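Undergrad: Structure supplied as coords-v3.txt; contents: compact mmCIF, C-alpha atoms and all ligand atoms.
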```
# COMPACT_ATOMS: atom_id res chain seq x y z
CA MET A 1 -22.25 -6.58 1.53
CA THR A 2 -18.79 -5.51 0.43
CA ARG A 3 -17.71 -5.62 -3.22
CA ILE A 4 -13.99 -6.37 -3.60
CA ALA A 5 -12.26 -3.88 -5.91
CA ASN A 6 -8.70 -4.60 -4.77
CA PHE A 7 -8.21 -8.26 -5.70
CA ASP A 8 -4.41 -8.32 -5.53
CA GLN A 9 -4.38 -6.78 -2.06
CA ALA A 10 -7.19 -9.08 -0.93
CA ARG A 11 -5.16 -12.07 -2.13
CA ALA A 12 -2.04 -10.88 -0.32
CA TRP A 13 -3.74 -9.98 2.96
CA ASN A 14 -5.73 -13.25 2.98
CA GLY A 15 -2.64 -15.23 2.00
CA ALA A 16 0.93 -15.46 3.22
CA LEU A 17 1.20 -11.77 4.15
CA GLY A 18 -2.02 -11.67 6.18
CA ASN A 19 -1.13 -14.94 7.89
CA HIS A 20 2.30 -13.56 8.79
CA TRP A 21 0.73 -10.43 10.29
CA ALA A 22 -1.71 -12.64 12.21
CA SER A 23 1.02 -14.98 13.51
CA HIS A 24 3.20 -12.02 14.55
CA HIS A 25 0.48 -9.51 15.42
CA GLU A 26 2.00 -8.45 18.73
CA ARG A 27 5.33 -7.78 17.07
CA TYR A 28 3.74 -5.81 14.22
CA ASP A 29 1.79 -3.79 16.77
CA THR A 30 4.95 -3.08 18.77
CA LEU A 31 6.78 -2.25 15.51
CA VAL A 32 4.49 0.71 14.75
CA SER A 33 3.09 1.57 18.19
CA GLY A 34 5.43 4.60 18.22
CA LEU A 35 2.97 6.21 15.79
CA ASN A 36 0.00 5.96 18.16
CA ASP A 37 0.53 9.22 20.05
CA ALA A 38 0.66 11.31 16.89
CA LEU A 39 -2.36 9.53 15.40
CA PHE A 40 -4.57 9.72 18.48
CA ASP A 41 -3.55 13.27 19.41
CA ALA A 42 -4.61 14.33 15.92
CA ALA A 43 -7.84 12.30 15.95
CA ALA A 44 -8.83 13.84 19.33
CA ILE A 45 -11.54 11.22 19.88
CA THR A 46 -14.03 12.16 22.62
CA ALA A 47 -16.16 9.91 24.79
CA GLY A 48 -19.40 9.78 22.79
CA GLU A 49 -17.98 9.55 19.28
CA ARG A 50 -18.40 6.93 16.55
CA VAL A 51 -15.03 5.95 15.07
CA LEU A 52 -14.17 4.05 11.89
CA ASP A 53 -10.69 2.45 11.74
CA VAL A 54 -9.75 1.77 8.10
CA GLY A 55 -7.49 -1.22 7.42
CA CYS A 56 -7.61 -2.04 11.13
CA GLY A 57 -5.61 -5.28 10.88
CA ALA A 58 -5.65 -7.10 14.22
CA GLY A 59 -7.54 -4.19 15.79
CA ALA A 60 -4.98 -2.70 18.18
CA THR A 61 -5.88 0.86 17.18
CA THR A 62 -9.61 0.06 17.01
CA ARG A 63 -9.49 -1.01 20.66
CA ILE A 64 -7.64 2.19 21.63
CA ALA A 65 -10.31 4.16 19.74
CA GLY A 66 -13.05 2.21 21.54
CA ARG A 67 -11.54 3.03 24.92
CA LEU A 68 -11.32 6.74 24.00
CA ALA A 69 -14.90 6.72 22.69
CA ALA A 70 -16.07 5.24 25.98
CA HIS A 71 -19.78 6.04 25.47
CA GLY A 72 -19.62 5.76 21.71
CA HIS A 73 -18.16 2.95 19.65
CA ALA A 74 -15.42 2.01 17.19
CA VAL A 75 -15.69 -0.18 14.10
CA GLY A 76 -12.64 -1.65 12.41
CA VAL A 77 -12.83 -2.62 8.75
CA ASP A 78 -10.32 -4.70 6.88
CA ILE A 79 -9.96 -6.84 3.78
CA SER A 80 -8.09 -9.62 5.67
CA ALA A 81 -10.19 -12.43 7.18
CA PRO A 82 -7.36 -13.88 9.33
CA LEU A 83 -6.60 -10.46 10.85
CA LEU A 84 -10.28 -9.79 11.53
CA ASP A 85 -10.67 -13.19 13.25
CA LEU A 86 -7.77 -12.28 15.48
CA ALA A 87 -9.12 -8.77 16.09
CA ARG A 88 -12.46 -10.18 17.26
CA ALA A 89 -10.87 -12.81 19.51
CA THR A 90 -8.48 -10.31 21.12
CA THR A 91 -11.25 -7.76 21.67
CA THR A 92 -13.43 -10.37 23.39
CA ALA A 93 -10.49 -11.57 25.49
CA GLN A 94 -9.75 -8.00 26.58
CA GLY A 95 -13.40 -7.39 27.49
CA VAL A 96 -13.74 -4.38 25.17
CA THR A 97 -17.48 -4.21 24.47
CA ASN A 98 -17.95 -1.12 22.25
CA VAL A 99 -15.77 -2.32 19.38
CA ALA A 100 -16.86 -4.35 16.33
CA TYR A 101 -15.23 -5.43 13.09
CA GLU A 102 -16.42 -5.87 9.55
CA PHE A 103 -14.90 -7.48 6.47
CA ALA A 104 -14.85 -4.66 3.93
CA ASP A 105 -12.96 -3.29 0.98
CA ALA A 106 -12.95 0.31 2.19
CA GLN A 107 -12.74 1.59 -1.38
CA THR A 108 -16.22 0.34 -2.25
CA HIS A 109 -17.95 -0.73 0.97
CA PRO A 110 -21.46 0.73 1.48
CA PHE A 111 -20.78 2.35 4.86
CA PRO A 112 -23.78 3.82 6.70
CA PRO A 113 -24.04 7.38 5.31
CA ALA A 114 -22.77 9.94 7.85
CA GLY A 115 -22.44 7.03 10.29
CA TYR A 116 -19.15 8.17 11.87
CA ASP A 117 -17.67 11.24 13.56
CA VAL A 118 -14.01 10.30 13.14
CA LEU A 119 -12.10 8.18 10.67
CA ILE A 120 -8.63 6.91 11.61
CA SER A 121 -6.01 4.68 10.04
CA ARG A 122 -2.57 3.54 11.09
CA GLY A 123 -1.09 2.61 7.75
CA GLY A 124 -4.25 1.10 6.25
CA VAL A 125 -5.20 3.56 3.49
CA MET A 126 -2.31 3.15 1.03
CA PHE A 127 -3.51 -0.06 -0.61
CA PHE A 128 -6.34 1.20 -2.79
CA ALA A 129 -6.14 0.82 -6.57
CA ASP A 130 -8.22 4.01 -6.82
CA HIS A 131 -7.53 6.36 -3.92
CA VAL A 132 -9.82 9.11 -5.17
CA THR A 133 -12.81 6.75 -5.25
CA ALA A 134 -11.81 5.30 -1.88
CA PHE A 135 -11.55 8.63 -0.05
CA ARG A 136 -14.80 9.77 -1.66
CA ASN A 137 -16.43 6.58 -0.39
CA LEU A 138 -14.95 7.14 3.07
CA ALA A 139 -16.22 10.74 3.06
CA ARG A 140 -19.77 9.40 2.71
CA ALA A 141 -19.27 7.50 5.96
CA LEU A 142 -18.49 10.74 7.85
CA ARG A 143 -21.06 13.18 9.17
CA PRO A 144 -20.67 16.78 7.94
CA GLY A 145 -17.81 18.23 9.97
CA GLY A 146 -16.39 14.77 10.63
CA ARG A 147 -12.62 14.32 10.95
CA LEU A 148 -10.00 12.18 9.25
CA ALA A 149 -6.57 11.34 10.72
CA PHE A 150 -4.15 8.79 9.30
CA VAL A 151 -0.47 7.98 9.16
CA CYS A 152 1.37 6.66 6.09
CA PRO A 153 5.05 6.28 5.12
CA GLN A 154 7.17 9.12 3.75
CA PRO A 155 9.40 8.22 0.79
CA ALA A 156 12.04 5.63 1.66
CA GLY A 157 15.61 6.74 1.11
CA PRO A 158 19.10 6.86 2.56
CA GLU A 159 18.22 9.91 4.67
CA VAL A 160 15.64 7.84 6.60
CA GLU A 161 17.37 5.71 9.24
CA GLU A 162 14.88 2.85 8.93
CA SER A 163 15.19 2.48 5.17
CA ARG A 164 18.98 2.95 5.29
CA ALA A 165 19.34 0.25 7.96
CA LEU A 166 17.07 -2.18 6.15
CA SER A 167 18.41 -1.53 2.64
CA LEU A 168 21.00 -4.31 2.96
CA PHE A 169 18.14 -6.82 3.15
CA GLY A 170 17.12 -5.81 -0.37
CA GLN A 171 20.72 -6.01 -1.63
CA LEU A 172 21.68 -9.34 -0.04
CA LEU A 173 18.50 -11.31 -0.53
CA ASP A 174 16.97 -12.77 -3.68
CA GLU A 175 14.47 -10.83 -5.72
CA PRO A 176 11.22 -10.47 -3.78
CA ASP A 177 8.18 -12.32 -5.15
CA ALA A 178 5.50 -10.49 -7.16
CA ALA A 179 3.07 -10.24 -4.22
CA THR A 180 5.74 -8.57 -2.04
CA VAL A 181 6.63 -6.13 -4.81
CA ALA A 182 2.94 -5.18 -5.21
CA VAL A 183 2.50 -4.60 -1.47
CA GLN A 184 5.74 -2.57 -1.25
CA ALA A 185 4.58 -0.38 -4.14
CA ALA A 186 1.21 0.15 -2.46
CA MET A 187 2.94 1.03 0.83
CA ALA A 188 4.60 3.96 -0.98
CA SER A 189 1.50 5.09 -2.88
CA LEU A 190 0.83 8.11 -0.64
CA SER A 191 4.42 9.05 0.11
CA ASP A 192 4.18 12.26 -1.97
CA PRO A 193 2.27 15.01 -0.10
CA ALA A 194 1.05 16.42 -3.42
CA ARG A 195 -0.56 13.06 -4.15
CA ILE A 196 -2.15 13.01 -0.69
CA ARG A 197 -3.72 16.42 -1.33
CA GLU A 198 -4.86 15.28 -4.78
CA VAL A 199 -6.68 12.21 -3.47
CA LEU A 200 -8.29 14.30 -0.71
CA HIS A 201 -9.85 16.63 -3.28
CA GLY A 202 -13.09 18.01 -1.83
CA TRP A 203 -11.97 17.61 1.81
CA ASP A 204 -11.37 20.73 3.95
CA ASP A 205 -8.43 21.82 6.11
CA VAL A 206 -6.06 19.17 4.78
CA THR A 207 -2.75 19.05 6.69
CA VAL A 208 0.25 16.81 6.00
CA ALA A 209 2.85 16.92 8.76
CA ALA A 210 6.13 15.05 9.08
CA VAL A 211 6.37 12.81 12.13
CA ALA A 212 9.56 11.11 13.25
CA ALA A 213 8.89 8.00 15.30
CA GLU A 214 10.93 4.98 16.25
CA THR A 215 9.94 1.53 15.04
CA THR A 216 10.91 -1.55 17.05
CA TRP A 217 12.06 -4.57 15.06
CA GLY A 218 13.08 -7.16 17.64
CA ARG A 219 14.66 -7.88 21.03
CA ASP A 220 18.13 -7.78 19.47
CA ALA A 221 19.73 -7.86 16.02
CA ALA A 222 19.43 -11.65 15.66
CA ASP A 223 15.77 -11.61 16.63
CA ALA A 224 15.03 -8.71 14.25
CA VAL A 225 16.78 -10.43 11.33
CA GLY A 226 14.88 -13.66 12.03
CA PHE A 227 11.62 -11.71 11.95
CA VAL A 228 12.36 -9.87 8.70
CA LEU A 229 13.48 -13.11 6.99
CA SER A 230 10.36 -14.94 8.19
CA ARG A 231 8.23 -12.51 6.15
CA THR A 232 9.14 -14.47 3.00
CA PRO A 233 7.93 -18.05 3.47
CA GLY A 234 10.50 -20.69 2.60
CA ARG A 235 13.41 -18.24 2.47
CA THR A 236 16.72 -19.61 3.74
CA VAL A 237 19.97 -17.66 3.95
CA ASP A 238 23.51 -18.81 4.55
CA ALA A 239 25.27 -18.05 7.82
CA ALA A 240 27.49 -15.34 6.29
CA THR A 241 24.49 -13.43 4.90
CA ARG A 242 22.63 -13.72 8.18
CA ALA A 243 25.69 -12.44 10.07
CA ALA A 244 26.04 -9.50 7.67
CA LEU A 245 22.39 -8.59 8.17
CA GLU A 246 22.74 -8.82 11.95
CA ASP A 247 25.82 -6.58 11.81
CA THR A 248 23.81 -3.83 10.10
CA LEU A 249 21.19 -3.84 12.84
CA ARG A 250 23.54 -4.20 15.83
CA PRO A 251 24.23 -0.42 16.07
CA TYR A 252 20.50 0.07 16.70
CA GLU A 253 20.22 -2.37 19.63
CA THR A 254 18.94 -0.63 22.77
CA ASP A 255 17.60 -1.87 26.08
CA ARG A 256 14.15 -1.51 24.49
CA GLY A 257 15.03 -3.57 21.42
CA VAL A 258 16.26 -2.76 17.91
CA ARG A 259 14.89 0.71 17.28
CA LEU A 260 15.04 2.58 13.99
CA ARG A 261 13.94 6.13 13.28
CA ALA A 262 11.18 6.05 10.66
CA ALA A 263 9.54 8.93 8.82
CA VAL A 264 5.79 9.06 8.31
CA TRP A 265 3.19 11.60 7.30
CA LEU A 266 0.43 12.47 9.70
CA VAL A 267 -2.53 13.54 7.57
CA THR A 268 -5.64 15.29 8.87
CA ALA A 269 -8.71 16.63 7.11
CA LYS A 270 -12.34 17.47 7.69
CA TRP A 271 -15.34 16.50 5.62
CA GLY A 272 -17.47 19.59 5.11
CA GLY A 273 -20.52 17.67 3.96
CA GLY A 274 -20.47 19.05 0.41
CA PRO A 275 -21.27 17.10 -2.74
CA HIS A 276 -19.17 13.97 -3.26
CA ARG A 277 -17.32 14.91 -6.41
C1 LIG B 301 0.07 -2.20 7.06
S1 LIG B 301 -1.34 -3.05 7.64
C2 LIG B 301 -1.84 -2.04 9.00
C3 LIG B 301 -2.78 -2.75 9.95
C4 LIG B 301 -3.22 -1.94 11.18
N1 LIG B 301 -3.77 -0.65 10.82
C5 LIG B 301 -2.08 -1.76 12.14
O1 LIG B 301 -1.60 -0.63 12.33
O2 LIG B 301 -1.66 -2.77 12.76
C6 LIG B 301 -2.52 -2.62 6.39
C7 LIG B 301 -3.91 -3.19 6.58
O3 LIG B 301 -4.78 -2.64 5.57
C8 LIG B 301 -5.65 -3.67 5.14
N2 LIG B 301 -6.19 -3.33 3.81
C9 LIG B 301 -5.52 -3.32 2.63
N3 LIG B 301 -6.34 -2.95 1.64
C10 LIG B 301 -7.56 -2.71 2.19
C11 LIG B 301 -8.83 -2.31 1.66
N4 LIG B 301 -9.01 -2.07 0.36
N5 LIG B 301 -9.88 -2.19 2.52
C12 LIG B 301 -9.71 -2.43 3.85
N6 LIG B 301 -8.53 -2.83 4.40
C13 LIG B 301 -7.46 -2.96 3.58
C14 LIG B 301 -4.79 -4.91 5.17
O4 LIG B 301 -5.54 -6.10 5.17
C15 LIG B 301 -3.98 -4.70 6.45
O5 LIG B 301 -4.62 -5.26 7.56
```
Reformat the file's structure so that it appears as structure tokens.
TA:
Amino acid sequence: MTRIANFDQARAWNGALGNHWASHHERYDTLVSGLNDALFDAAAITAGERVLDVGCGAGATTRIAGRLAAHGHAVGVDISAPLLDLARATTTAQGVTNVAYEFADAQTHPFPPAGYDVLISRGGVMFFADHVTAFRNLARALRPGGRLAFVCPQPAGPEVEESRALSLFGQLLDEPDAATVAVQAAMASLSDPARIREVLHGWDDVTVAAVAAETTWGRDAADAVGFVLSRTPGRTVDAATRAALEDTLRPYETDRGVRLRAAVWLVTAKWGGGPHR
């Protein structure tokens, strides 16, 4: 039985934000699928392994992990009921049989001790109120010698194409609501490599490597703007604002959609099996 420690995140991911991710799950998956190669190369999952996907959302990466762990299994955990419902339905529809999901706050959940060989996350480990406690809890779930691989955003800034291109949204639109501000702050919580190393205290062989990957925001500029605006329920914008937003994304239109270069950290570590300090 999970004990919720992250109430604000649970509210957001079971409310408007989680419902938006569920309604647009294919688009969100496409948005960040450019990170998959780096994540799965680093995780190096082999056929018999047991994999835990933290903050699995709609389960796209859990299903990839399940396919790689062909004779083992993958479990996705998440704090969002609507995303887990979707993950289960999609997994059944795709006939993937060695993948399961569990509702869990990964910061506190009583995982089976040493129950996993590999722990992965595509952007699902930034939302903890107490990262040190969370990564200590996750370490308990790994067998001695088990591996951790996750990706998380680097600091946003004008030097990053994605944040530069999207910055006009922040300037032209009204103040975001409190829930959005809290989620945006959490998104950036591990953007400093020194902080990553701090929260992984007690882990071995910690590496933090910069990865440049393209994110895909829509078929064309109009589609991408419609998607970004739809993330705030009830938001309406006038035609001039919408046109200005589309203009900023038009230079990034390609025959594979609106693509922006994003900057993430790829983090790897091993759990040596020592005391959980
Ligand atoms: C940015 S989304 C990424 C989803 C998924 N990994 C993907 O790549 O599509 C972050 C996910 O982390 C989940 N999450 C946030 N806090 C969590 C927590 N304390 N325990 C487990 N999952 C959490 C959210 O519900 C959400 O599904």
Undergrad: So that I can see what lies close to range 127-136 of chain A, please list as a ChimeraX atom specification the residues with an atom at most 6 Å from it, counting all atoms listed in the file and leaving out residues fewer than 4 positions away in the same chain.
TA: /A:107,186,199
Undergrad: Could you write out the selected residues, including C-alpha atoms, as an mmCIF file, keeping the file's coordinate frame?
TA:
```cif
data_model
loop_
_atom_site.group_PDB
_atom_site.id
_atom_site.type_symbol
_atom_site.label_atom_id
_atom_site.label_comp_id
_atom_site.auth_asym_id
_atom_site.auth_seq_id
_atom_site.Cartn_x
_atom_site.Cartn_y
_atom_site.Cartn_z
ATOM 1 C CA GLN A 107 -12.740 1.590 -1.380
ATOM 2 C CA ALA A 186 1.210 0.150 -2.460
ATOM 3 C CA VAL A 199 -6.680 12.210 -3.470
#
```
Undergrad: Please return as a list in words the residues found within 6 Å of ligand LIG 301 (chain B), counting all atoms listed in the file.
TA: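 Taking all atoms listed in the file into account, the residues around ligand LIG 301 (chain B) at most 6 Å away are Asn6, Gln9, Trp13, Asp29, Val54, Gly55, Cys56, Gly57, Val77, Asp78, Ile79, Ser80, Ala104, Asp105, Ala106, Gln107, Ser121, Arg122, Gly123, Gly124, Phe127 and Phe128 of chain A.
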Undergrad: Ranking A:Ser167, A:Ser230, A:Thr241, A:Thr61 by minimum distance to His24 in chain A and counting all atoms listed in the file, which one comes first?
TA: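 Closest to His24 in chain A of all the choices is A:Ser230.
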Undergrad: Would you kindly return, as an mmCIF file with C-alpha atoms, keeping the file's coordinate frame, each protein, DNA or RNA residue with an atom no farther than 7 Å from any atom of Ala5 in chain A, considering all atoms listed in the file and excluding same-chain residues fewer than 2 positions away?
TA:
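File written: selection.cif
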```cif
data_model
loop_
_atom_site.group_PDB
_atom_site.id
_atom_site.type_symbol
_atom_site.label_atom_id
_atom_site.label_comp_id
_atom_site.auth_asym_id
_atom_site.auth_seq_id
_atom_site.Cartn_x
_atom_site.Cartn_y
_atom_site.Cartn_z
ATOM 1 C CA ARG A 3 -17.710 -5.620 -3.220
ATOM 2 C CA PHE A 7 -8.210 -8.260 -5.700
ATOM 3 C CA ASP A 105 -12.960 -3.290 0.980
ATOM 4 C CA THR A 108 -16.220 0.340 -2.250
#
```
Undergrad: Could you name the residues that touch Ala222 in chain A at 12 Å or less, counting all atoms listed in the file, but leaving out those on the same chain fewer than 2 positions away, as a ChimeraX atom specification?
TA: /A:217-220,224-229,239,242-250,252-253,257-258
Undergrad: Record the distance separating CA of Arg50 in chain A and CA of Ile120 in chain A, expressed in Å with one decimal.
TA: 10.9 Å
Undergrad: Check the smallest atom-to-atom distance from each of A:Arg147, A:Thr91, A:Gly18, A:Ala70 to Leu52 in chain A using only C-alpha atoms, then report the winner.
TA: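 Checking each candidate against Leu52 in chain A, we get A:Arg147 as the closest.
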Undergrad: Counting only C-alpha atoms, which residues sit no farther than 8 Å from the position (-5.6, -13.7, 15.4) in the file's frame? I'd like them as a ChimeraX atom specification.
TA: /A:22-23,25,58,82-90
Undergrad: Quick one: residues within 12 Å of Leu39 in chain A, all atoms listed in the file counted, chain neighbours fewer than 5 positions away excluded, as a PyMOL selection string?
TA: chain A and resi 32-34+44-45+53+61+64-65+118-123+148-152+209-211+213+264-268
Undergrad: Just the residues within 12 Å of Gln184 in chain A, please, counting all atoms listed in the file, with nothing from its chain fewer than 3 positions along; format it as a PyMOL selection string.
TA: chain A and resi 9+12+17+126-127+153+155-156+170+176-181+187-191
Undergrad: Compare A:Glu214, A:Pro158, A:Ile196, A:Thr232 by their minimum atom-to-atom distance to Thr254 in chain A, counting all atoms listed in the file, and give me the closest one.
TA: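 Using all atoms listed in the file, the shortest distance to Thr254 in chain A belongs to A:Glu214.
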Undergrad: Can you work out which one of A:Met1, A:Thr216, A:Ala10, A:Trp203 has the shortest atom-to-atom distance to Ala182 in chain A, counting all atoms listed in the file?
TA: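 Counting all atoms listed in the file, the residue closest to Ala182 in chain A is A:Ala10.
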Undergrad: Using all atoms listed in the file, find the one residue out of A:Ala269, A:Val183, A:Leu172, A:Ala165 that sits nearest to Asp8 in chain A.
TA: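 With all atoms listed in the file as the atom set, the closest residue is A:Val183.
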Undergrad: Could you check how far CA of Pro112 in chain A sits from CA of Val99 in chain A, in Å to one decimal?
TA: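 These atoms are spaced 16.2 Å apart.
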Undergrad: Kindly indicate which residue among A:Ala100, A:Ala262, A:Leu138, A:Ala212 lies nearest to Glu162 in chain A, using only C-alpha atoms for the distances.
TA: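 Among the listed residues, the smallest separation from Glu162 in chain A belongs to A:Ala262.
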Undergrad: Provide the CA of Leu200 in chain A to CA of Ala141 in chain A distance in Å, to one decimal place.
TA: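 The value is 14.5 Å.
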Undergrad: With 3 Å added on each side, what axis-aligned box encloses every listed atom of range 138-147 of chain A? Give the centre and edge lengths in Å to one decimal, as AutoDock Vina command-line options.
TA:
```
--center_x -16.8 --center_y 12.7 --center_z 6.8 --size_x 14.4 --size_y 17.1 --size_z 14.2
```
Undergrad: Missing atoms in range 128-147 of chain A: can you complete it with N, CA, C and O atoms, as a CSV table (one decimal), keeping the file's coordinate frame?
TA:
```csv
chain,number,residue,atom,x,y,z
A,128,PHE,N,-5.2,1.1,-1.8
A,128,PHE,CA,-6.3,1.2,-2.8
A,128,PHE,C,-5.8,1.3,-4.2
A,128,PHE,O,-4.9,2.1,-4.5
A,129,ALA,N,-6.5,0.6,-5.2
A,129,ALA,CA,-6.1,0.8,-6.6
A,129,ALA,C,-6.6,2.2,-7.0
A,129,ALA,O,-6.0,2.8,-7.9
A,130,ASP,N,-7.7,2.7,-6.4
A,130,ASP,CA,-8.2,4.0,-6.8
A,130,ASP,C,-8.5,4.8,-5.5
A,130,ASP,O,-9.5,4.7,-4.9
A,131,HIS,N,-7.4,5.6,-5.2
A,131,HIS,CA,-7.5,6.4,-3.9
A,131,HIS,C,-8.6,7.4,-3.9
A,131,HIS,O,-9.3,7.7,-2.9
A,132,VAL,N,-8.8,8.0,-5.1
A,132,VAL,CA,-9.8,9.1,-5.2
A,132,VAL,C,-11.2,8.5,-4.9
A,132,VAL,O,-11.9,9.0,-4.0
A,133,THR,N,-11.5,7.4,-5.5
A,133,THR,CA,-12.8,6.8,-5.2
A,133,THR,C,-12.9,6.3,-3.8
A,133,THR,O,-13.9,6.5,-3.1
A,134,ALA,N,-11.8,5.8,-3.3
A,134,ALA,CA,-11.8,5.3,-1.9
A,134,ALA,C,-12.1,6.4,-0.9
A,134,ALA,O,-12.9,6.3,0.0
A,135,PHE,N,-11.4,7.6,-1.0
A,135,PHE,CA,-11.6,8.6,0.0
A,135,PHE,C,-12.9,9.3,-0.2
A,135,PHE,O,-13.5,9.8,0.7
A,136,ARG,N,-13.5,9.3,-1.5
A,136,ARG,CA,-14.8,9.8,-1.7
A,136,ARG,C,-15.8,8.9,-1.0
A,136,ARG,O,-16.7,9.3,-0.3
A,137,ASN,N,-15.6,7.6,-1.1
A,137,ASN,CA,-16.4,6.6,-0.4
A,137,ASN,C,-16.3,6.8,1.1
A,137,ASN,O,-17.4,6.7,1.8
A,138,LEU,N,-15.1,7.0,1.6
A,138,LEU,CA,-15.0,7.1,3.1
A,138,LEU,C,-15.6,8.4,3.5
A,138,LEU,O,-16.2,8.5,4.6
A,139,ALA,N,-15.6,9.5,2.7
A,139,ALA,CA,-16.2,10.7,3.1
A,139,ALA,C,-17.7,10.5,3.3
A,139,ALA,O,-18.3,11.1,4.2
A,140,ARG,N,-18.3,9.7,2.5
A,140,ARG,CA,-19.8,9.4,2.7
A,140,ARG,C,-20.1,8.8,4.1
A,140,ARG,O,-21.1,9.0,4.6
A,141,ALA,N,-19.1,8.1,4.6
A,141,ALA,CA,-19.3,7.5,6.0
A,141,ALA,C,-19.2,8.5,7.1
A,141,ALA,O,-19.6,8.2,8.2
A,142,LEU,N,-18.7,9.7,6.8
A,142,LEU,CA,-18.5,10.7,7.8
A,142,LEU,C,-19.7,11.7,7.9
A,142,LEU,O,-20.2,12.1,6.8
A,143,ARG,N,-20.0,12.1,9.1
A,143,ARG,CA,-21.1,13.2,9.2
A,143,ARG,C,-20.4,14.5,8.7
A,143,ARG,O,-19.2,14.6,8.8
A,144,PRO,N,-21.3,15.5,8.3
A,144,PRO,CA,-20.7,16.8,7.9
A,144,PRO,C,-19.9,17.3,9.1
A,144,PRO,O,-20.4,17.3,10.3
A,145,GLY,N,-18.7,17.8,8.9
A,145,GLY,CA,-17.8,18.2,10.0
A,145,GLY,C,-17.0,17.1,10.6
A,145,GLY,O,-16.2,17.4,11.5
A,146,GLY,N,-17.2,15.9,10.1
A,146,GLY,CA,-16.4,14.8,10.6
A,146,GLY,C,-14.9,14.9,10.3
A,146,GLY,O,-14.5,15.6,9.4
A,147,ARG,N,-14.1,14.2,11.0
A,147,ARG,CA,-12.6,14.3,11.0
A,147,ARG,C,-11.9,13.0,10.4
A,147,ARG,O,-12.4,11.9,10.7
```
